[in-house]
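Participant: Contents of upload-v3.csv (CSV, C-alpha atoms and all ligand atoms):
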```
chain,number,residue,atom,x,y,z
A,1,VAL,CA,61.3,74.2,140.8
A,2,PRO,CA,64.5,74.3,138.9
A,3,ARG,CA,64.7,72.4,135.7
A,4,HIS,CA,68.2,71.2,134.9
A,5,ALA,CA,67.7,71.6,131.2
A,6,ARG,CA,67.0,74.8,129.3
A,7,VAL,CA,66.8,76.6,126.0
A,8,VAL,CA,69.1,79.7,126.1
A,9,VAL,CA,68.4,82.5,123.6
A,10,ASP,CA,71.1,85.1,122.9
A,11,LEU,CA,69.1,88.2,121.9
A,12,ASP,CA,72.4,90.0,120.9
A,13,ALA,CA,72.7,87.3,118.3
A,14,VAL,CA,69.2,88.2,117.0
A,15,SER,CA,70.2,91.9,116.9
A,16,HIS,CA,73.4,91.1,115.0
A,17,ASN,CA,71.5,88.9,112.5
A,18,VAL,CA,68.8,91.5,111.9
A,19,GLY,CA,71.6,94.1,111.2
A,20,GLU,CA,73.3,91.8,108.8
A,21,LEU,CA,70.1,91.1,106.9
A,22,ILE,CA,69.1,94.8,106.7
A,23,ALA,CA,72.6,95.6,105.3
A,24,ARG,CA,71.9,93.1,102.5
A,25,ALA,CA,68.3,94.1,101.9
A,26,ARG,CA,69.1,97.0,99.5
A,27,GLY,CA,67.0,99.6,101.4
A,28,ALA,CA,64.0,97.3,101.8
A,29,GLN,CA,62.4,97.2,105.3
A,30,LEU,CA,62.9,94.1,107.3
A,31,CYS,CA,59.9,92.1,108.6
A,32,ALA,CA,60.9,89.8,111.4
A,33,VAL,CA,58.9,86.5,111.2
A,34,VAL,CA,58.2,85.5,114.7
A,35,LYS,CA,55.4,82.9,114.2
A,36,ALA,CA,55.5,79.6,116.1
A,37,ASP,CA,56.7,81.4,119.2
A,38,GLY,CA,59.6,82.9,117.3
A,39,TYR,CA,60.6,79.5,115.8
A,40,GLY,CA,60.8,78.2,119.3
A,41,HIS,CA,63.0,81.1,120.6
A,42,GLY,CA,60.1,83.1,122.2
A,43,ALA,CA,58.1,85.5,120.1
A,44,VAL,CA,58.0,88.5,122.3
A,45,PRO,CA,61.7,88.8,123.3
A,46,VAL,CA,62.8,88.1,119.7
A,47,ALA,CA,60.3,90.7,118.4
A,48,ARG,CA,61.6,93.3,120.8
A,49,ALA,CA,65.2,92.5,119.9
A,50,ALA,CA,64.5,92.6,116.1
A,51,LEU,CA,62.6,95.9,116.3
A,52,GLY,CA,65.4,97.3,118.4
A,53,ALA,CA,67.9,96.3,115.7
A,54,GLY,CA,65.9,98.1,113.0
A,55,ALA,CA,63.1,95.7,111.9
A,56,LYS,CA,60.0,97.7,110.9
A,57,TRP,CA,57.4,94.9,110.7
A,58,LEU,CA,56.6,91.6,112.4
A,59,ALA,CA,54.9,88.6,110.9
A,60,VAL,CA,53.0,85.7,112.4
A,61,ALA,CA,50.8,82.9,111.1
A,62,LEU,CA,47.9,83.1,113.6
A,63,VAL,CA,45.7,85.9,114.9
A,64,GLU,CA,46.4,84.6,118.5
A,65,GLU,CA,50.1,85.0,117.8
A,66,GLY,CA,49.5,88.6,116.9
A,67,ALA,CA,47.4,89.0,120.0
A,68,GLN,CA,50.3,87.8,122.1
A,69,LEU,CA,52.5,90.5,120.6
A,70,ARG,CA,49.9,93.2,121.1
A,71,GLU,CA,49.3,92.1,124.8
A,72,ALA,CA,53.1,92.6,125.3
A,73,GLY,CA,52.6,96.2,124.2
A,74,ILE,CA,54.1,95.9,120.7
A,75,THR,CA,52.5,98.5,118.4
A,76,GLU,CA,54.5,98.0,115.2
A,77,PRO,CA,52.7,96.6,112.1
A,78,ILE,CA,52.1,92.9,112.2
A,79,LEU,CA,51.4,90.9,109.0
A,80,LEU,CA,49.4,87.7,109.1
A,81,LEU,CA,51.2,85.6,106.5
A,82,SER,CA,48.1,83.6,105.5
A,83,GLU,CA,44.5,84.5,105.4
A,84,PRO,CA,42.8,84.3,108.8
A,85,SER,CA,39.7,82.1,109.1
A,86,LEU,CA,36.5,84.1,108.4
A,87,ASP,CA,35.5,84.0,112.0
A,88,SER,CA,38.7,85.7,113.2
A,89,PHE,CA,38.7,88.8,111.0
A,90,ARG,CA,37.0,90.9,113.7
A,91,ASP,CA,39.6,90.0,116.2
A,92,ALA,CA,42.3,90.7,113.7
A,93,PHE,CA,40.8,94.2,113.1
A,94,ASP,CA,40.5,95.0,116.8
A,95,LEU,CA,44.1,93.9,117.3
A,96,GLY,CA,45.3,96.1,114.5
A,97,LEU,CA,46.8,93.2,112.6
A,98,THR,CA,47.4,93.4,108.8
A,99,PRO,CA,45.6,90.4,107.2
A,100,THR,CA,46.6,88.6,104.1
A,101,ILE,CA,43.7,87.9,101.8
A,102,TYR,CA,43.2,85.6,98.8
A,103,HIS,CA,39.5,84.7,98.8
A,104,ARG,CA,36.7,87.0,97.7
A,105,ASP,CA,34.5,86.1,100.6
A,106,ALA,CA,37.3,87.0,103.0
A,107,LEU,CA,37.4,90.5,101.4
A,108,ALA,CA,33.7,91.0,102.2
A,109,VAL,CA,34.1,89.7,105.7
A,110,ALA,CA,37.1,92.0,106.3
A,111,ALA,CA,35.1,95.0,105.1
A,112,ARG,CA,32.3,94.1,107.5
A,113,ALA,CA,34.7,93.6,110.4
A,114,ALA,CA,36.2,97.0,109.7
A,115,GLN,CA,32.8,98.7,109.5
A,116,GLU,CA,31.6,97.0,112.7
A,117,GLY,CA,34.8,97.5,114.6
A,118,GLY,CA,35.7,101.0,113.4
A,119,GLY,CA,32.5,102.7,112.3
A,120,ARG,CA,32.1,104.6,109.1
A,121,SER,CA,35.5,106.3,109.0
A,122,ALA,CA,37.3,102.9,109.4
A,123,ARG,CA,40.2,102.1,107.1
A,124,TRP,CA,42.0,98.8,107.2
A,125,ALA,CA,45.0,98.0,105.1
A,126,VAL,CA,45.3,94.4,103.8
A,127,HIS,CA,47.8,92.6,101.7
A,128,LEU,CA,46.9,90.4,98.8
A,129,LYS,CA,48.9,87.1,98.3
A,130,VAL,CA,49.3,85.7,94.9
A,131,ASP,CA,50.4,82.2,94.0
A,132,THR,CA,53.3,82.5,91.5
A,133,GLY,CA,54.2,78.8,91.5
A,134,MET,CA,54.5,77.4,95.0
A,135,HIS,CA,50.9,76.2,94.9
A,136,ARG,CA,50.2,76.4,98.6
A,137,VAL,CA,48.0,79.4,99.4
A,138,GLY,CA,47.4,82.6,97.4
A,139,MET,CA,45.1,83.7,94.6
A,140,PRO,CA,45.8,82.7,91.0
A,141,LEU,CA,47.5,85.5,89.1
A,142,THR,CA,44.5,85.7,86.8
A,143,ASP,CA,42.2,86.7,89.8
A,144,LEU,CA,44.5,89.5,91.1
A,145,ARG,CA,43.3,92.4,89.0
A,146,ASP,CA,39.6,91.8,89.7
A,147,MET,CA,40.2,91.2,93.3
A,148,ALA,CA,42.3,94.4,93.6
A,149,ALA,CA,39.6,96.4,91.8
A,150,GLU,CA,37.0,95.0,94.1
A,151,LEU,CA,39.1,95.9,97.1
A,152,TYR,CA,39.6,99.4,95.7
A,153,ALA,CA,35.9,99.9,95.6
A,154,SER,CA,35.4,98.6,99.1
A,155,ASP,CA,35.4,101.7,101.3
A,156,PRO,CA,37.0,100.5,104.6
A,157,ILE,CA,39.6,98.3,102.9
A,158,VAL,CA,42.8,99.7,101.6
A,159,LEU,CA,45.4,97.8,99.5
A,160,GLY,CA,48.4,97.9,101.7
A,161,GLY,CA,50.5,95.5,99.7
A,162,VAL,CA,50.8,92.6,97.3
A,163,PHE,CA,53.1,89.7,97.9
A,164,THR,CA,54.1,86.1,96.9
A,165,HIS,CA,56.2,83.4,98.5
A,166,LEU,CA,59.1,81.6,96.9
A,167,ALA,CA,59.3,77.8,96.8
A,168,VAL,CA,63.0,77.1,96.1
A,169,ALA,CA,64.9,80.3,97.0
A,170,ASP,CA,67.2,78.2,99.2
A,171,ALA,CA,68.5,76.3,96.1
A,172,PRO,CA,70.0,79.2,94.1
A,173,GLN,CA,70.8,77.1,91.0
A,174,ARG,CA,67.1,76.2,90.4
A,175,PRO,CA,65.4,78.1,87.7
A,176,GLU,CA,61.9,78.3,89.3
A,177,THR,CA,62.7,81.4,91.5
A,178,ALA,CA,63.3,83.6,88.4
A,179,GLU,CA,60.1,82.2,86.9
A,180,GLN,CA,58.1,83.1,90.0
A,181,LEU,CA,59.6,86.6,90.1
A,182,GLU,CA,58.7,87.1,86.4
A,183,ARG,CA,55.1,86.1,87.1
A,184,PHE,CA,55.0,88.4,90.1
A,185,GLU,CA,56.2,91.3,88.0
A,186,VAL,CA,53.6,90.6,85.3
A,187,ALA,CA,50.9,90.6,88.0
A,188,LEU,CA,52.1,94.0,89.4
A,189,ASN,CA,52.2,95.5,85.9
A,190,MET,CA,48.7,94.3,85.3
A,191,LEU,CA,47.6,96.2,88.4
A,192,ARG,CA,49.5,99.3,87.5
A,193,ASP,CA,48.1,99.3,84.0
A,194,ALA,CA,44.6,99.2,85.6
A,195,GLY,CA,45.5,102.3,87.6
A,196,ILE,CA,45.8,100.4,90.9
A,197,ASP,CA,48.6,101.1,93.3
A,198,PRO,CA,49.7,97.7,94.8
A,199,GLY,CA,51.1,99.3,97.9
A,200,ILE,CA,54.3,97.7,99.2
A,201,THR,CA,55.4,94.7,97.3
A,202,HIS,CA,57.4,91.8,98.8
A,203,VAL,CA,58.6,88.3,97.9
A,204,ALA,CA,61.9,87.6,99.8
A,205,ASN,CA,62.3,85.1,102.6
A,206,SER,CA,65.6,84.6,104.3
A,207,ALA,CA,67.0,82.5,101.5
A,208,ALA,CA,66.1,85.1,98.9
A,209,VAL,CA,67.8,87.9,100.9
A,210,ILE,CA,70.9,85.9,101.1
A,211,ALA,CA,71.0,84.2,97.6
A,212,HIS,CA,68.9,86.6,95.5
A,213,PRO,CA,69.3,90.1,97.0
A,214,ALA,CA,67.6,91.7,94.0
A,215,THR,CA,64.3,90.2,95.3
A,216,ALA,CA,64.3,92.6,98.3
A,217,LEU,CA,61.8,95.0,96.7
A,218,ASP,CA,60.0,97.0,99.5
A,219,LEU,CA,60.1,94.5,102.3
A,220,VAL,CA,61.9,91.3,103.2
A,221,ARG,CA,60.2,88.7,105.4
A,222,CYS,CA,63.1,87.0,107.3
A,223,GLY,CA,62.5,84.1,109.7
A,224,ILE,CA,65.1,81.5,110.1
A,225,SER,CA,68.0,83.8,109.4
A,226,ILE,CA,67.2,86.2,112.3
A,227,TYR,CA,67.6,83.2,114.6
A,228,GLY,CA,71.1,82.8,113.1
A,229,ILE,CA,70.4,79.7,111.0
A,230,ALA,CA,71.1,79.5,107.3
A,231,PRO,CA,68.0,78.3,105.3
A,232,SER,CA,70.1,75.6,103.7
A,233,PRO,CA,73.6,74.3,104.1
A,234,GLY,CA,74.7,75.8,100.8
A,235,LEU,CA,73.9,79.3,102.0
A,236,GLU,CA,75.9,79.1,105.2
A,237,ALA,CA,79.1,80.6,103.9
A,238,MET,CA,77.3,83.5,102.2
A,239,VAL,CA,76.2,85.4,105.3
A,240,ASP,CA,77.6,86.0,108.8
A,241,LEU,CA,74.8,84.7,111.0
A,242,ARG,CA,75.1,83.9,114.7
A,243,PRO,CA,72.9,81.1,116.1
A,244,ALA,CA,70.7,82.5,118.9
A,245,MET,CA,69.6,79.3,120.4
A,246,SER,CA,71.6,76.9,122.7
A,247,VAL,CA,70.1,73.9,124.4
A,248,THR,CA,71.7,72.6,127.5
A,249,ALA,CA,71.0,69.8,130.1
A,250,GLU,CA,72.9,68.7,133.2
A,251,VAL,CA,74.1,65.1,133.4
A,252,SER,CA,71.7,63.3,135.8
A,253,HIS,CA,73.4,60.0,136.0
A,254,THR,CA,76.5,58.1,134.7
A,255,LEU,CA,77.0,54.4,134.4
A,256,THR,CA,79.2,51.7,133.0
A,257,VAL,CA,77.9,49.0,130.8
A,258,SER,CA,79.7,45.7,130.1
A,259,ALA,CA,80.8,44.3,126.7
A,260,GLY,CA,77.7,42.7,125.2
A,261,ASP,CA,75.2,44.9,127.0
A,262,ALA,CA,72.5,46.8,125.1
A,263,ILE,CA,70.7,49.9,126.2
A,264,GLY,CA,67.3,51.6,126.3
A,265,TYR,CA,63.9,50.6,125.1
A,266,GLY,CA,64.2,47.9,122.4
A,267,LEU,CA,67.8,47.4,123.5
A,268,THR,CA,68.7,48.9,120.1
A,269,HIS,CA,72.4,49.6,120.7
A,270,ARG,CA,74.8,46.9,121.9
A,271,PHE,CA,78.4,47.7,123.0
A,272,ASP,CA,81.4,45.5,122.1
A,273,VAL,CA,83.5,46.8,125.0
A,274,ASP,CA,82.9,48.0,128.5
A,275,THR,CA,81.7,51.5,128.0
A,276,ARG,CA,81.0,54.7,130.1
A,277,LEU,CA,77.6,56.4,129.5
A,278,ALA,CA,76.0,59.6,130.7
A,279,VAL,CA,72.2,60.2,131.0
A,280,LEU,CA,70.6,63.6,130.2
A,281,PRO,CA,67.2,64.5,131.7
A,282,VAL,CA,65.7,65.5,128.4
A,283,GLY,CA,63.7,63.5,125.9
A,284,TYR,CA,61.3,63.6,123.1
A,285,ALA,CA,58.7,65.4,125.2
A,286,ASP,CA,61.2,68.2,125.3
A,287,GLY,CA,61.8,68.2,121.6
A,288,VAL,CA,64.8,65.9,121.2
A,289,PRO,CA,63.9,63.6,118.2
A,290,ARG,CA,63.3,60.0,119.3
A,291,ASN,CA,65.6,58.6,116.6
A,292,LEU,CA,68.4,61.2,117.1
A,293,GLY,CA,70.8,58.5,118.4
A,294,THR,CA,69.9,55.7,116.1
A,295,LEU,CA,70.5,58.0,113.1
A,296,GLY,CA,73.9,59.2,114.3
A,297,GLY,CA,73.2,62.4,116.3
A,298,GLU,CA,75.7,63.9,118.7
A,299,VAL,CA,75.8,66.3,121.7
A,300,LEU,CA,78.7,68.0,123.5
A,301,LEU,CA,80.1,66.9,126.9
A,302,GLY,CA,83.4,68.2,128.2
A,303,GLY,CA,84.0,70.0,124.9
A,304,VAL,CA,83.8,66.8,122.9
A,305,ARG,CA,81.2,65.6,120.4
A,306,ARG,CA,79.7,62.4,121.8
A,307,PRO,CA,77.2,60.0,120.1
A,308,VAL,CA,73.7,59.7,121.4
A,309,ARG,CA,73.0,56.0,121.9
A,310,GLY,CA,69.8,53.9,122.0
A,311,VAL,CA,66.4,55.5,121.4
A,312,VAL,CA,65.7,58.9,123.1
A,313,THR,CA,62.9,58.3,125.6
A,314,MET,CA,60.2,60.7,126.7
A,315,ASP,CA,62.2,62.3,129.5
A,316,GLN,CA,65.8,61.0,129.2
A,317,MET,CA,68.5,60.2,126.7
A,318,MET,CA,71.8,58.3,126.8
A,319,VAL,CA,75.2,59.5,125.5
A,320,GLU,CA,78.3,57.4,125.0
A,321,LEU,CA,81.4,58.7,126.7
A,322,GLY,CA,83.8,56.0,125.5
A,323,PRO,CA,85.4,52.7,126.4
A,324,VAL,CA,86.4,52.3,130.1
A,325,THR,CA,89.9,51.4,129.0
A,326,ASP,CA,90.4,54.8,127.4
A,327,ALA,CA,92.5,56.6,130.1
A,328,THR,CA,92.6,59.8,128.1
A,329,MET,CA,88.8,60.1,128.0
A,330,VAL,CA,87.6,63.6,129.1
A,331,PRO,CA,85.9,62.7,132.3
A,332,VAL,CA,82.2,63.5,132.7
A,333,HIS,CA,80.4,63.6,136.0
A,334,ARG,CA,76.8,64.0,137.3
A,335,GLY,CA,75.9,67.7,137.2
A,336,ASP,CA,78.2,68.5,134.3
A,337,GLU,CA,76.6,70.6,131.6
A,338,ALA,CA,75.9,68.9,128.3
A,339,VAL,CA,75.3,71.1,125.2
A,340,LEU,CA,72.7,69.6,122.9
A,341,ILE,CA,72.8,72.5,120.5
A,342,GLY,CA,75.5,75.2,120.8
A,343,SER,CA,79.2,75.2,121.6
A,344,GLN,CA,81.6,74.3,124.3
A,345,PRO,CA,85.3,75.1,124.7
A,346,VAL,CA,87.6,72.3,123.7
A,347,PRO,CA,89.7,71.1,126.7
A,348,ALA,CA,93.4,71.6,126.5
A,349,GLY,CA,95.3,68.6,125.1
A,350,LEU,CA,92.1,67.0,123.8
A,351,HIS,CA,92.2,63.4,122.8
A,352,THR,CA,89.9,63.2,119.8
A,353,GLU,CA,89.8,59.4,119.2
A,354,GLY,CA,86.4,59.1,120.9
A,355,ASP,CA,85.2,62.2,119.2
A,356,CYS,CA,82.9,61.2,116.4
A,357,SER,CA,83.4,64.0,114.0
A,358,PRO,CA,86.4,66.2,113.3
A,359,GLU,CA,86.7,69.3,115.3
A,360,ARG,CA,85.6,72.2,113.1
A,361,SER,CA,85.6,75.6,114.6
A,362,GLY,CA,89.4,75.8,114.9
A,363,ARG,CA,88.9,78.6,117.5
A,364,GLY,CA,89.0,76.5,120.6
A,365,PHE,CA,85.3,75.8,120.5
A,366,THR,CA,83.5,72.8,119.2
A,367,SER,CA,79.8,73.0,118.3
A,368,VAL,CA,76.7,71.1,117.4
A,369,THR,CA,74.1,73.0,115.5
A,370,ALA,CA,70.4,72.7,114.8
A,371,SER,CA,71.5,72.1,111.1
A,372,ASP,CA,73.7,69.2,112.2
A,373,TRP,CA,70.7,67.5,113.9
A,374,ALA,CA,68.5,68.4,110.9
A,375,ALA,CA,71.0,66.7,108.6
A,376,VAL,CA,71.0,63.5,110.7
A,377,MET,CA,67.2,63.5,111.0
A,378,ASN,CA,66.7,64.2,107.2
A,379,THR,CA,64.8,67.4,108.0
A,380,ILE,CA,65.4,71.1,108.1
A,381,PRO,CA,66.7,73.1,111.1
A,382,TYR,CA,63.4,75.0,111.3
A,383,GLU,CA,61.8,71.8,112.5
A,384,ILE,CA,64.5,71.2,115.1
A,385,VAL,CA,64.3,74.7,116.7
A,386,CYS,CA,60.5,74.8,116.6
A,387,GLY,CA,60.4,71.4,118.2
A,388,PHE,CA,61.7,72.3,121.7
A,389,SER,CA,58.6,72.2,123.8
A,390,ALA,CA,57.2,74.5,126.4
A,391,ARG,CA,58.5,72.0,129.0
A,392,MET,CA,62.0,73.4,128.4
A,393,PRO,CA,62.3,76.8,130.2
A,394,ARG,CA,63.6,79.6,128.0
A,395,GLU,CA,66.4,81.8,129.3
A,396,TYR,CA,67.5,85.1,127.7
A,397,LEU,CA,71.0,86.5,127.4
A,401,LIG,C1,54.9,83.7,103.6
A,401,LIG,C2,56.2,83.6,104.4
A,401,LIG,N1,57.1,84.5,104.3
A,401,LIG,C3,58.3,84.4,104.9
A,401,LIG,C4,58.6,83.3,105.7
A,401,LIG,C5,59.9,83.2,106.4
A,401,LIG,O1,60.7,82.2,105.8
A,401,LIG,P1,62.2,82.0,106.4
A,401,LIG,O2,62.1,81.5,107.8
A,401,LIG,O3,62.8,80.9,105.4
A,401,LIG,O4,63.0,83.2,106.3
A,401,LIG,C6,57.7,82.3,105.8
A,401,LIG,C7,58.0,81.1,106.6
A,401,LIG,O5,57.5,80.0,106.5
A,401,LIG,C8,56.4,82.4,105.1
A,401,LIG,O6,55.5,81.5,105.2
```
Kindly transcribe the structure held in the file into C-alpha cells.
Facilitator:
Amino acid sequence: VPRHARVVVDLDAVSHNVGELIARARGAQLCAVVKADGYGHGAVPVARAALGAGAKWLAVALVEEGAQLREAGITEPILLLSEPSLDSFRDAFDLGLTPTIYHRDALAVAARAAQEGGGRSARWAVHLKVDTGMHRVGMPLTDLRDMAAELYASDPIVLGGVFTHLAVADAPQRPETAEQLERFEVALNMLRDAGIDPGITHVANSAAVIAHPATALDLVRCGISIYGIAPSPGLEAMVDLRPAMSVTAEVSHTLTVSAGDAIGYGLTHRFDVDTRLAVLPVGYADGVPRNLGTLGGEVLLGGVRRPVRGVVTMDQMMVELGPVTDATMVPVHRGDEAVLIGSQPVPAGLHTEGDCSPERSGRGFTSVTASDWAAVMNTIPYEIVCGFSARMPREYL
C-alpha cells in the first residue's frame, strides 16, 4: 500500500559528510554513530555509506542495535557507547561488539562472558569510559587506575581504549571543554605512569571535530554531523555539511475557510480573512511535533515557505496557503508534494508576501531544515530527526 508521505535519505550526502569530517580529524579514525536507527535515517544503510566513505568504526547505544548491524553482515568494529546491562554481556560478546565499561561488577561479568563464550583462549577488548565533568555515565577519574589494573590482570579482557564525553563542545566559547580535556589527559598520564597502555583514546563528538579539532586524538565519534546537521547553529558556517534527510508528503485535501473561522482541535487558530488551506496526511504519530504550527513552524509548498496552522493532529496537519484575494499566490493542488524538511525550487517570478520568512538560499532553492523546526520547538535537531516514526517509510537515494 503506497504511503503518500516519506523520509528520503540521500546516502551520497552521508558519504560527503563523512569525507568532510575525516579531512578535519587530523589523522584520527572516524567512528560513525548510528544509534537510534541512525538518528532516524536508517542504521544499516547509513552504516554502509559511512564505512564506504572511510569510517573505520560504528557506534550504537544498545546491544540490539549492534545485533541489527551484524545481522546485516557488517563486520567492522562496533562500540557500545554506554555500559550494557549485566545480563546482555554474553550477547555482546557473541556478536563481537566492543563494550564500554565503568562498573567493577561489569568487568567481572564481561570476563565470565568471554570465558564462557570463547573458551580459554578468548580475548575481548573493552573500552573504559571516564567521567571528566559531564556527570552522566562513566567512572570517576579516581577509579580509573585501579579499574585498568584490574582489567589488565583479567585474562580474557583487554583494554582496547579509554574515552570520555564532552558536555559543551557545541558552545566553543565555554571554558568547560578545556577543563574536561585537561582531566582526561591527567587520567591517561596516571595510567601510563602505572605502566598501563590505554589503547585508543577518544573524546570528540561532532561538535568537537568541528570546533576543537585538536581533540581528535585516535578516534572521533561523529553522529549528527554525518547526517549533515550542525550540532548547534553557531557551528553551521564552520563546516560544509549536506543534510541527508528530507521529509515529504502529498497534499491530501485543500479547502477555503471564511473570515472568522478557526481550525483544528481546540480551534486554536482563527483567520481574519477568507483563506486557502492545504492538508497534509502526516501528524504527530509520524513525528511532526504537535505544537509545530502554534509555535510558528513552516513547511514548503510550491517552493514557498508556508505556516503550519492549528495543532498538528495524529495523522494530519494544516498549512496556510494565503488569502483567497491574493491573485499572485502560488497555486497548490491535491497531490502536490509538500516538503516538511528539505528544499524545493523557488518558482519563477515568486511573490513573497505570503512567504513567512525571507528566502535564504539565493540559489533558486528555498529550504526548511531540521534545525529550523528545532529552533521553533525550543529543542535540538537531533530530537527532530530521531522523531520521525517507523510509520514513515524510508527511501534511499
Ligand atoms: C558517547 C557519545 N559519543 C558520541 C556521540 C555523538 O554525538 P554527536 O551526534 O553530537 O556527534 C554521542 C551521542 O549522543 C555519545 O553519546
Participant: Could you list the protein, DNA and RNA residues that have any atom within 10 Å of ligand LIG 401 (chain A), counting all atoms listed in the file, and write them as a VMD selection string?
Facilitator: chain A and resid 31 to 36 38 to 39 59 to 61 79 to 82 100 129 136 to 138 163 to 167 169 to 170 202 to 210 220 to 227 229 to 232 382
Participant: Include C-alpha atoms and write out the residues we just selected as an mmCIF file, in the frame of the given file.
Facilitator:
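Contents of again-v6.cif, freshly written:
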```
data_model
loop_
_atom_site.group_PDB
_atom_site.id
_atom_site.type_symbol
_atom_site.label_atom_id
_atom_site.label_comp_id
_atom_site.auth_asym_id
_atom_site.auth_seq_id
_atom_site.Cartn_x
_atom_site.Cartn_y
_atom_site.Cartn_z
ATOM 1 C CA CYS A 31 59.900 92.100 108.600
ATOM 2 C CA ALA A 32 60.900 89.800 111.400
ATOM 3 C CA VAL A 33 58.900 86.500 111.200
ATOM 4 C CA VAL A 34 58.200 85.500 114.700
ATOM 5 C CA LYS A 35 55.400 82.900 114.200
ATOM 6 C CA ALA A 36 55.500 79.600 116.100
ATOM 7 C CA GLY A 38 59.600 82.900 117.300
ATOM 8 C CA TYR A 39 60.600 79.500 115.800
ATOM 9 C CA ALA A 59 54.900 88.600 110.900
ATOM 10 C CA VAL A 60 53.000 85.700 112.400
ATOM 11 C CA ALA A 61 50.800 82.900 111.100
ATOM 12 C CA LEU A 79 51.400 90.900 109.000
ATOM 13 C CA LEU A 80 49.400 87.700 109.100
ATOM 14 C CA LEU A 81 51.200 85.600 106.500
ATOM 15 C CA SER A 82 48.100 83.600 105.500
ATOM 16 C CA THR A 100 46.600 88.600 104.100
ATOM 17 C CA LYS A 129 48.900 87.100 98.300
ATOM 18 C CA ARG A 136 50.200 76.400 98.600
ATOM 19 C CA VAL A 137 48.000 79.400 99.400
ATOM 20 C CA GLY A 138 47.400 82.600 97.400
ATOM 21 C CA PHE A 163 53.100 89.700 97.900
ATOM 22 C CA THR A 164 54.100 86.100 96.900
ATOM 23 C CA HIS A 165 56.200 83.400 98.500
ATOM 24 C CA LEU A 166 59.100 81.600 96.900
ATOM 25 C CA ALA A 167 59.300 77.800 96.800
ATOM 26 C CA ALA A 169 64.900 80.300 97.000
ATOM 27 C CA ASP A 170 67.200 78.200 99.200
ATOM 28 C CA HIS A 202 57.400 91.800 98.800
ATOM 29 C CA VAL A 203 58.600 88.300 97.900
ATOM 30 C CA ALA A 204 61.900 87.600 99.800
ATOM 31 C CA ASN A 205 62.300 85.100 102.600
ATOM 32 C CA SER A 206 65.600 84.600 104.300
ATOM 33 C CA ALA A 207 67.000 82.500 101.500
ATOM 34 C CA ALA A 208 66.100 85.100 98.900
ATOM 35 C CA VAL A 209 67.800 87.900 100.900
ATOM 36 C CA ILE A 210 70.900 85.900 101.100
ATOM 37 C CA VAL A 220 61.900 91.300 103.200
ATOM 38 C CA ARG A 221 60.200 88.700 105.400
ATOM 39 C CA CYS A 222 63.100 87.000 107.300
ATOM 40 C CA GLY A 223 62.500 84.100 109.700
ATOM 41 C CA ILE A 224 65.100 81.500 110.100
ATOM 42 C CA SER A 225 68.000 83.800 109.400
ATOM 43 C CA ILE A 226 67.200 86.200 112.300
ATOM 44 C CA TYR A 227 67.600 83.200 114.600
ATOM 45 C CA ILE A 229 70.400 79.700 111.000
ATOM 46 C CA ALA A 230 71.100 79.500 107.300
ATOM 47 C CA PRO A 231 68.000 78.300 105.300
ATOM 48 C CA SER A 232 70.100 75.600 103.700
ATOM 49 C CA TYR A 382 63.400 75.000 111.300
#
```
Participant: How far is it from atom CA of A:Glu116 to atom CA of A:Ala149, in Å with one decimal?
Facilitator: 22.4 Å
Participant: Pick out the residues sitting within 7 Å of stretch 270-278 of chain A, and hand them over as a list in words; count all atoms listed in the file, and ignore anything fewer than 5 positions along from it in its own chain.
Facilitator: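 So, after excluding close chain neighbours, the residues are Val251, His253, Thr254, Leu255, Thr256, Val257, Ser258, Ala259, Gly260, Asp261, Ala262, Ile263, Met318, Val319, Glu320, Leu321, Gly322, Pro323 and Val324 of chain A.
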Participant: From the options A:Val63, A:Ala327, A:Ala92, A:Val14, which residue's atoms come nearest to A:Ala49, counting all atoms listed in the file?
Facilitator: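 Nearest to A:Ala49: A:Val14.
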Participant: Could you check which of A:Trp373, A:Val239, A:Val247, A:Met317 is closest to A:Gly296, using all atoms listed in the file?
Facilitator: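 Looking at the shortest contact to A:Gly296, the residue is A:Trp373.
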Participant: Compare A:Ala23, A:Val158, A:Ala28, A:Val109 by their minimum atom-to-atom distance to A:Ala125, counting all atoms listed in the file, and give me the closest one.
Facilitator: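 Under the stated criterion, the closest residue is A:Val158.
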Participant: With distances taken over only C-alpha atoms, which residue among A:Arg242, A:Leu128, A:Met329, A:Leu191 lies nearest A:Arg104?
Facilitator: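 Smallest distance to A:Arg104 is found for A:Leu128.
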Participant: I'd like the neighbourhood of stretch 51-55 of chain A as a VMD selection string, where a residue qualifies if any of its atoms comes within 9 Å (using only C-alpha atoms), though same-chain residues fewer than 2 positions away should be ignored.
Facilitator: chain A and resid 14 to 19 22 29 to 32 46 to 49 57 to 58 76
Participant: Just give me the gap between atom CA of A:Thr142 and atom CA of A:Val162 in Å, one decimal is fine.
Facilitator: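 About the pair atom CA of A:Thr142 and atom CA of A:Val162: they are 14.1 Å apart.
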Participant: Tell me which of A:Asp12, A:Asp146, A:Asp286, A:Asp91 sits closest to A:Asp315, counting only C-alpha atoms.
Facilitator: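 Going through A:Asp12, A:Asp146, A:Asp286, A:Asp91 one by one, the smallest distance to A:Asp315 is for A:Asp286.
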Participant: Would you pick out the contacts of A:Asp372 at 9 Å or less, using only C-alpha atoms, so that residues sharing its chain but fewer than 2 positions from it are not included, and give the list as a list in words?
Facilitator: Gly297, Glu298, Ile341, Val368, Thr369, Ala370, Ala374, Ala375, Val376, Met377 and Pro381 of chain A
Participant: Which neighbours of A:Val299 fall inside 9 Å, counting all atoms listed in the file, when residues of the same chain fewer than 2 positions from it are skipped, and could you give them as a count of residues only?
Facilitator: 15
